[in-house]
Amino acid sequence: MLNIGMYLWQFDQPILKRKFSRFLAFILSAILVVVLANNSFATAPKTTEILWDTYGIPHIYGKDAPSTFQAFGWAQMQSHANLLLRLYGQARGKAAEYWGEEYLESDKWVLTMGVPNRANSWYRAQSPAFRSYINAFTSGINTYAKAHPDLIDEQLKIVLPVKPEDVLAHLQRVLYFTFIVNQEQVTDITHTQSKAGSNGWAIAPKHSASGKAMLLANPHLLWSDLFVWYEAQITAPEMNASGAALVGIPVLAIAFNDYLGWTHTVNTHDGWDVYKLKLTDDGYLFDGKVRPFTTSKFLLKVKQKNGSLVEQSLLVKSSVHGAVVQEKDGFAVALRVVGADRPGVLEQWWDMARSRNLTQFQKVLKRLQLPMFTVMYADRAGHIMHLFNGLVPIRQQGDFQYWEGLIPGDTSKTLWKKMHPYQDLPRVIDPPSGWLQNANDAPWTTTFPSAIKADDYPAYMAPRGKMPFRAQSSAKMLAEDPKISFVEMIKYKHSTKMELAERILDDLIPAAQKYGDQLTHRAADILAAWNRNADADSRGAVLFSFWWQEMDQDQTFSIPWNENSWCTTPDGLKDPESAAKALQIAAAKVEKAYGKLDVAWGEVFRVRSGNLDLPANGGDGDLGIFRVLNFAPSTDERFQAVAGDSYVAAIEFSQPVRAMALLSYGNATQAGSPHITDQLQLFTRKQLRPVWRTRPEVLANLEERKTF
C-alpha cells in the first residue's frame, strides 16, 4: 500500500488521481470478493457457537472438530430430543423394556441382527480422532439433557445418558437394517421395493445457462421416525459444509461446500441375500457335511401397562451365511447382509464434506465404507459424476433376478465373501450429454446417449429392464433443455407432470369413447381437457390416478419398454376394452366419493400438520411424477401426505455458491418448536428458501445464539 501511495503522489493532475483512486478501490473490492468467495474453509473461531437462523437451521462454528461435534449433538437435541432418544432406545434393542410390547418385534430384529454387539466392536474400530468426535457428539446430547430436563418427555429420559455406542447402533439400524434390508422384506422372503426413493441431478457447465455446474438433491422418505432429515451448516477447521443428516447421525449425509457437493439416491443395489438351509441333526447341511448353528441367548424385558416387566427369552441361531430369520417345514432361512466389516461410514461422510476437488473426493469414496446409495456429484471445476456406489458381493453365478430369490445354502458355491473394489462399480464422469440423473433407476439409464453399458458389468450388478416413468420424466426434462438455468432447474424439480398420462391418454380416451357407457364418455371428456399435471388445481388427475389403480399394471401396454426408445416406451393399450371398463369403475368411485368427476387434485390430496390443512401438489412416482408425494388414507375420503419430497437442495457452483433449499416438514419435531411446520406453506407453493452460508447472512437472519 505504501508503494501504491507513492505512485499516486507522482501524479500532478487531480483528475488522474481521482480516476486512479477509483480504479484502485475497484481492484481492492474485487480482490476482497474473490478472497471471501474462496475462503470456504475459514480460520477456526476462538469459541464454539451455534447461530440459529429464522428457519431453525443451526449454523455451527466450531473452534475444533470435537467442539463442532459437541455443538451438533446439542443442536439435534434442541430440535429433536424426544425423537432422537426414542431412536437410540430402539437401536439398543431395549425399546420394549422402556415403552412396551409394541416395540417387541423391533427389539427382536435389532438383536437378531447383532446390532448392539457390533456397535461395541465398531466403536473400538474407529480411528482415535474420530472416536473422540463421536464421544463429543454424545457429550453434546447429554449436556443438553442435563441443562433442559424439563423439555424432554419423562418416558424418554430412561435412555440417558447416551453412549457413543448408541450412535453406531442407530447408524446400523438405519443404514443396514432399514435401507439395505428391513424386517418386512425378510418376513416375506422377497426383495420388495424399498419405500425410500429419491431424485438426483448433476448438470455440467456445457449444459447450464450460467456455464457453472449445478446439483439437485431430492430424497423422498417417510416424514417421520428414523427417516426425518435435519438440516445444518457445519463450519470447522478445513470444513464449511451445508446439507442434511438423518436425525441421530452425527455427520452430514448429503452436503455441499464452496468447492463441490453430492447427493444420494437409493440405488438398485442388492446388499442382502436369503439362503435356504436344509436342517438335519440339530444343524444344517453345508458342502455335504452337517454343521452346527452358533447360538446367542437374550433375555428381553417387556414393560406392561401397569409398569411391571415381563421377561421373554430370544434364541438367535447363526450359520456361516448369517442369522437365521425363519424356520419351518424342515428348513431354515438365513440372512446375509453386506458391510459388517465396514465401520467407517461416518468418517467417510465427514471426509467427503471436507474434500475440495474430484480427486480428493474419489480418494475418500474408494474406502467403500458406505454400503449403498448412488453418489451424484458436481463441483466448481465443472466436473459431474454418477457413481453406482455400494458393497457389491463378488458372486460366482446368477443374474440380479436370481439373487433376489431364495438361494441354495447347502453349498459354498453360493456363499459370497468378497466385495467388488471401487474400480469395478458402474461410474461415469463428465458424459458427452452434459447431464446425469437418477430417480432410483439402474445406472444404465443415468444419461443418454448411454454412458454406462450394462454388458460391461456382471449380470448381478444391477437389474436390466424397463426405465420407470419417473426416471423417464427426469431424463426428458434434462435432455430437452440444452441450457438449463438455476431458476429452471428449480422449476423442473417441482414438475407434477404425469409421464404415464402423457404416454397412455391418446389410447385411453378413444378406447373409452368406443367401448364405454355414458359415464365413461363423460370421464373421457374430462381426461381430454386435463393438463396432465398433479397440481392442486388440476382436474382429471384424481380420475386418472383412480383408473390406474383399477388396471393390471403389468399387463397394460402393448409395446414394452425399449432402451433405444427410452422416452417413448412402453406405449399402447394391450386391451382397450378392459381399460375402458376400468375407467368406468374408477369414474363411479370418484363421483360417489366427491360428487363430481372433475374434482381438483388438491381437494382430495392434502398436506396436513398441526393446524395446517393445505392442498397438495405432486403425487406417486409410479405415475411418472417427478415431485413425489406419497399419501395414506385419511378422513372424508381424503388422502394425507406421509412421505415423499423431504430435504431439497438446488446448488449452482458459482463464486460464491448459489443455493436454495427446503425441508418440507420443517427442521424440528420437538414440541413447542416454531419450526415444526414453518416451511410447509412454502412446500405447498412449490417454493424453496435461500441457504444462508456467510456469517453476515446468518447474522442478518438470526433467531438465537448459543455459545459454548
# chains A, B, ... in the order shown; residues from 1 in each chain; ligands from 1
call {"tool": "residues_around", "arguments": {"residues": "segment 650-661 of chain A", "least_positions_apart": "6", "cutoff": "9 Å", "atoms": "only C-alpha atoms", "output": "JSON, numbers by chain"}}
result
{"A": [33, 34, 36, 37, 38, 210, 211, 212, 213, 214, 215, 216, 217, 218, 256, 257, 258, 259, 260, 261, 378, 379, 380, 381, 382, 486, 489, 490, 493, 687, 688, 689, 690, 691, 692, 693]}
call {"tool": "write_last_selection", "arguments": {"atoms": "N, CA and C atoms", "output": "mmCIF file, in the first residue's frame"}}
result
data_model
loop_
_atom_site.group_PDB
_atom_site.id
_atom_site.type_symbol
_atom_site.label_atom_id
_atom_site.label_comp_id
_atom_site.auth_asym_id
_atom_site.auth_seq_id
_atom_site.Cartn_x
_atom_site.Cartn_y
_atom_site.Cartn_z
ATOM 1 N N VAL A 33 -13.744 -9.697 -2.773
ATOM 2 C CA VAL A 33 -14.813 -10.620 -3.142
ATOM 3 C C VAL A 33 -14.261 -11.995 -3.446
ATOM 4 N N VAL A 34 -13.160 -12.027 -4.215
ATOM 5 C CA VAL A 34 -12.549 -13.305 -4.570
ATOM 6 C C VAL A 34 -12.049 -14.027 -3.331
ATOM 7 N N LEU A 36 -13.102 -13.700 -0.214
ATOM 8 C CA LEU A 36 -14.223 -14.183 0.585
ATOM 9 C C LEU A 36 -14.884 -15.400 -0.067
ATOM 10 N N ALA A 37 -14.980 -15.355 -1.408
ATOM 11 C CA ALA A 37 -15.620 -16.461 -2.113
ATOM 12 C C ALA A 37 -14.821 -17.741 -2.000
ATOM 13 N N ASN A 38 -13.497 -17.593 -1.944
ATOM 14 C CA ASN A 38 -12.651 -18.775 -1.898
ATOM 15 C C ASN A 38 -12.346 -19.227 -0.481
ATOM 16 N N SER A 210 -25.593 -20.703 -17.071
ATOM 17 C CA SER A 210 -24.567 -19.851 -16.469
ATOM 18 C C SER A 210 -23.149 -20.313 -16.780
ATOM 19 N N GLY A 211 -23.017 -21.519 -17.350
ATOM 20 C CA GLY A 211 -21.683 -22.072 -17.555
ATOM 21 C C GLY A 211 -21.071 -22.615 -16.283
ATOM 22 N N LYS A 212 -21.910 -22.801 -15.252
ATOM 23 C CA LYS A 212 -21.455 -23.367 -13.977
ATOM 24 C C LYS A 212 -22.162 -24.705 -13.738
ATOM 25 N N ALA A 213 -21.458 -25.618 -13.106
ATOM 26 C CA ALA A 213 -22.067 -26.901 -12.772
ATOM 27 C C ALA A 213 -23.160 -26.712 -11.729
ATOM 28 N N MET A 214 -24.168 -27.567 -11.774
ATOM 29 C CA MET A 214 -25.280 -27.498 -10.819
ATOM 30 C C MET A 214 -25.593 -28.895 -10.292
ATOM 31 N N LEU A 215 -26.169 -28.913 -9.099
ATOM 32 C CA LEU A 215 -26.526 -30.160 -8.430
ATOM 33 C C LEU A 215 -27.923 -30.025 -7.849
ATOM 34 N N LEU A 216 -28.729 -31.088 -7.981
ATOM 35 C CA LEU A 216 -30.043 -31.133 -7.354
ATOM 36 C C LEU A 216 -30.105 -32.333 -6.428
ATOM 37 N N ALA A 217 -30.384 -32.071 -5.153
ATOM 38 C CA ALA A 217 -30.557 -33.120 -4.149
ATOM 39 C C ALA A 217 -32.031 -33.204 -3.794
ATOM 40 N N ASN A 218 -32.606 -34.412 -3.819
ATOM 41 C CA ASN A 218 -34.048 -34.530 -3.641
ATOM 42 C C ASN A 218 -34.436 -35.920 -3.148
ATOM 43 N N PHE A 256 -22.869 -29.936 0.592
ATOM 44 C CA PHE A 256 -22.060 -29.205 -0.379
ATOM 45 C C PHE A 256 -21.237 -28.168 0.370
ATOM 46 N N ASN A 257 -20.077 -27.852 -0.204
ATOM 47 C CA ASN A 257 -19.270 -26.738 0.280
ATOM 48 C C ASN A 257 -19.018 -25.797 -0.893
ATOM 49 N N ASP A 258 -18.077 -24.893 -0.777
ATOM 50 C CA ASP A 258 -17.857 -23.931 -1.854
ATOM 51 C C ASP A 258 -17.112 -24.525 -3.039
ATOM 52 N N TYR A 259 -16.689 -25.759 -2.924
ATOM 53 C CA TYR A 259 -15.946 -26.407 -3.994
ATOM 54 C C TYR A 259 -16.734 -27.506 -4.697
ATOM 55 N N LEU A 260 -17.544 -28.237 -3.952
ATOM 56 C CA LEU A 260 -18.200 -29.417 -4.516
ATOM 57 C C LEU A 260 -19.407 -29.808 -3.675
ATOM 58 N N GLY A 261 -20.182 -30.735 -4.194
ATOM 59 C CA GLY A 261 -21.322 -31.252 -3.444
ATOM 60 C C GLY A 261 -21.755 -32.592 -3.974
ATOM 61 N N ALA A 378 -21.195 -32.909 -8.264
ATOM 62 C CA ALA A 378 -20.838 -31.784 -9.138
ATOM 63 C C ALA A 378 -19.860 -30.900 -8.390
ATOM 64 N N ASP A 379 -19.037 -30.142 -9.140
ATOM 65 C CA ASP A 379 -18.065 -29.289 -8.452
ATOM 66 C C ASP A 379 -17.803 -27.985 -9.203
ATOM 67 N N ARG A 380 -17.052 -27.109 -8.554
ATOM 68 C CA ARG A 380 -16.758 -25.781 -9.072
ATOM 69 C C ARG A 380 -15.883 -25.834 -10.314
ATOM 70 N N ALA A 381 -15.074 -26.889 -10.433
ATOM 71 C CA ALA A 381 -14.223 -27.046 -11.609
ATOM 72 C C ALA A 381 -15.008 -27.490 -12.836
ATOM 73 N N GLY A 382 -16.279 -27.821 -12.644
ATOM 74 C CA GLY A 382 -17.129 -28.184 -13.770
ATOM 75 C C GLY A 382 -17.319 -29.667 -13.974
ATOM 76 N N PHE A 486 -30.423 -21.902 -13.321
ATOM 77 C CA PHE A 486 -30.675 -22.263 -11.931
ATOM 78 C C PHE A 486 -32.164 -22.186 -11.616
ATOM 79 N N MET A 489 -33.960 -25.101 -13.220
ATOM 80 C CA MET A 489 -33.743 -26.356 -12.512
ATOM 81 C C MET A 489 -34.728 -26.490 -11.348
ATOM 82 N N ILE A 490 -34.939 -25.396 -10.624
ATOM 83 C CA ILE A 490 -35.893 -25.420 -9.512
ATOM 84 C C ILE A 490 -37.314 -25.636 -10.034
ATOM 85 N N LYS A 493 -37.700 -29.211 -10.958
ATOM 86 C CA LYS A 493 -37.757 -30.039 -9.758
ATOM 87 C C LYS A 493 -39.185 -30.169 -9.238
ATOM 88 N N GLN A 687 -42.079 -23.699 -3.589
ATOM 89 C CA GLN A 687 -41.015 -22.709 -3.412
ATOM 90 C C GLN A 687 -39.897 -23.268 -2.545
ATOM 91 N N LEU A 688 -38.676 -22.814 -2.807
ATOM 92 C CA LEU A 688 -37.545 -23.073 -1.942
ATOM 93 C C LEU A 688 -37.172 -21.782 -1.234
ATOM 94 N N ARG A 689 -36.349 -21.880 -0.209
ATOM 95 C CA ARG A 689 -35.876 -20.697 0.515
ATOM 96 C C ARG A 689 -34.363 -20.584 0.324
ATOM 97 N N PRO A 690 -33.815 -19.392 0.522
ATOM 98 C CA PRO A 690 -32.368 -19.239 0.352
ATOM 99 C C PRO A 690 -31.587 -19.983 1.424
ATOM 100 N N VAL A 691 -30.415 -20.491 1.044
ATOM 101 C CA VAL A 691 -29.492 -21.092 2.004
ATOM 102 C C VAL A 691 -28.494 -20.011 2.403
ATOM 103 N N TRP A 692 -28.497 -19.636 3.673
ATOM 104 C CA TRP A 692 -27.567 -18.620 4.170
ATOM 105 C C TRP A 692 -26.278 -19.302 4.607
ATOM 106 N N ARG A 693 -25.158 -18.917 3.974
ATOM 107 C CA ARG A 693 -23.895 -19.595 4.251
ATOM 108 C C ARG A 693 -22.827 -18.673 4.833
#
call {"tool": "select_by_dssp", "arguments": {"residues": "segment 108-240 of chain A", "states": "strand (DSSP E)", "output": "VMD selection string"}}
result
chain A and resid 197 to 203 214 to 222 229 to 236 239 to 240
call {"tool": "residues_around", "arguments": {"residues": "Pro431 of chain A", "least_positions_apart": "3", "cutoff": "12 Å", "atoms": "only C-alpha atoms", "output": "PyMOL selection string"}}
result
chain A and resi 202-207+382-386+427-428+434-437+446-452
call {"tool": "atom_distance", "arguments": {"atom1": "atom CA of Ala147 of chain A", "atom2": "atom CA of Gln76 of chain A"}}
result
14.2 Å
call {"tool": "select_by_dssp", "arguments": {"residues": "segment 466-572 of chain A", "states": "alpha helix (DSSP H)", "output": "number ranges by chain"}}
result
A: 469-480, 486-493, 499-515, 518-529, 541-550
call {"tool": "residues_around", "arguments": {"residues": "Lys417 of chain A", "least_positions_apart": "6", "cutoff": "10 Å", "atoms": "only C-alpha atoms", "output": "ChimeraX atom specification"}}
result
/A:321,338,393-395
call {"tool": "closest_residue", "arguments": {"among": "A:Leu160, A:Leu505, A:Leu629, A:Val607", "to": "Leu573 of chain A", "atoms": "only C-alpha atoms"}}
result
A:Leu505
call {"tool": "closest_residue", "arguments": {"among": "A:Ser132, A:Gln348, A:Thr295, A:Asn120", "to": "Ala323 of chain A", "atoms": "only C-alpha atoms"}}
result
A:Thr295
call {"tool": "closest_atom_pairs", "arguments": {"of": "segment 606-633 of chain A", "to": "segment 546-570 of chain A", "cutoff": "12 Å", "atoms": "only C-alpha atoms", "output": "CSV"}}
result
residue,atom,partner,partner_atom,distance
A:Asp620,CA,A:Trp548,CA,11.4
A:Asp622,CA,A:Trp548,CA,10.0
A:Leu623,CA,A:Trp548,CA,8.5
A:Gly624,CA,A:Cys567,CA,11.6
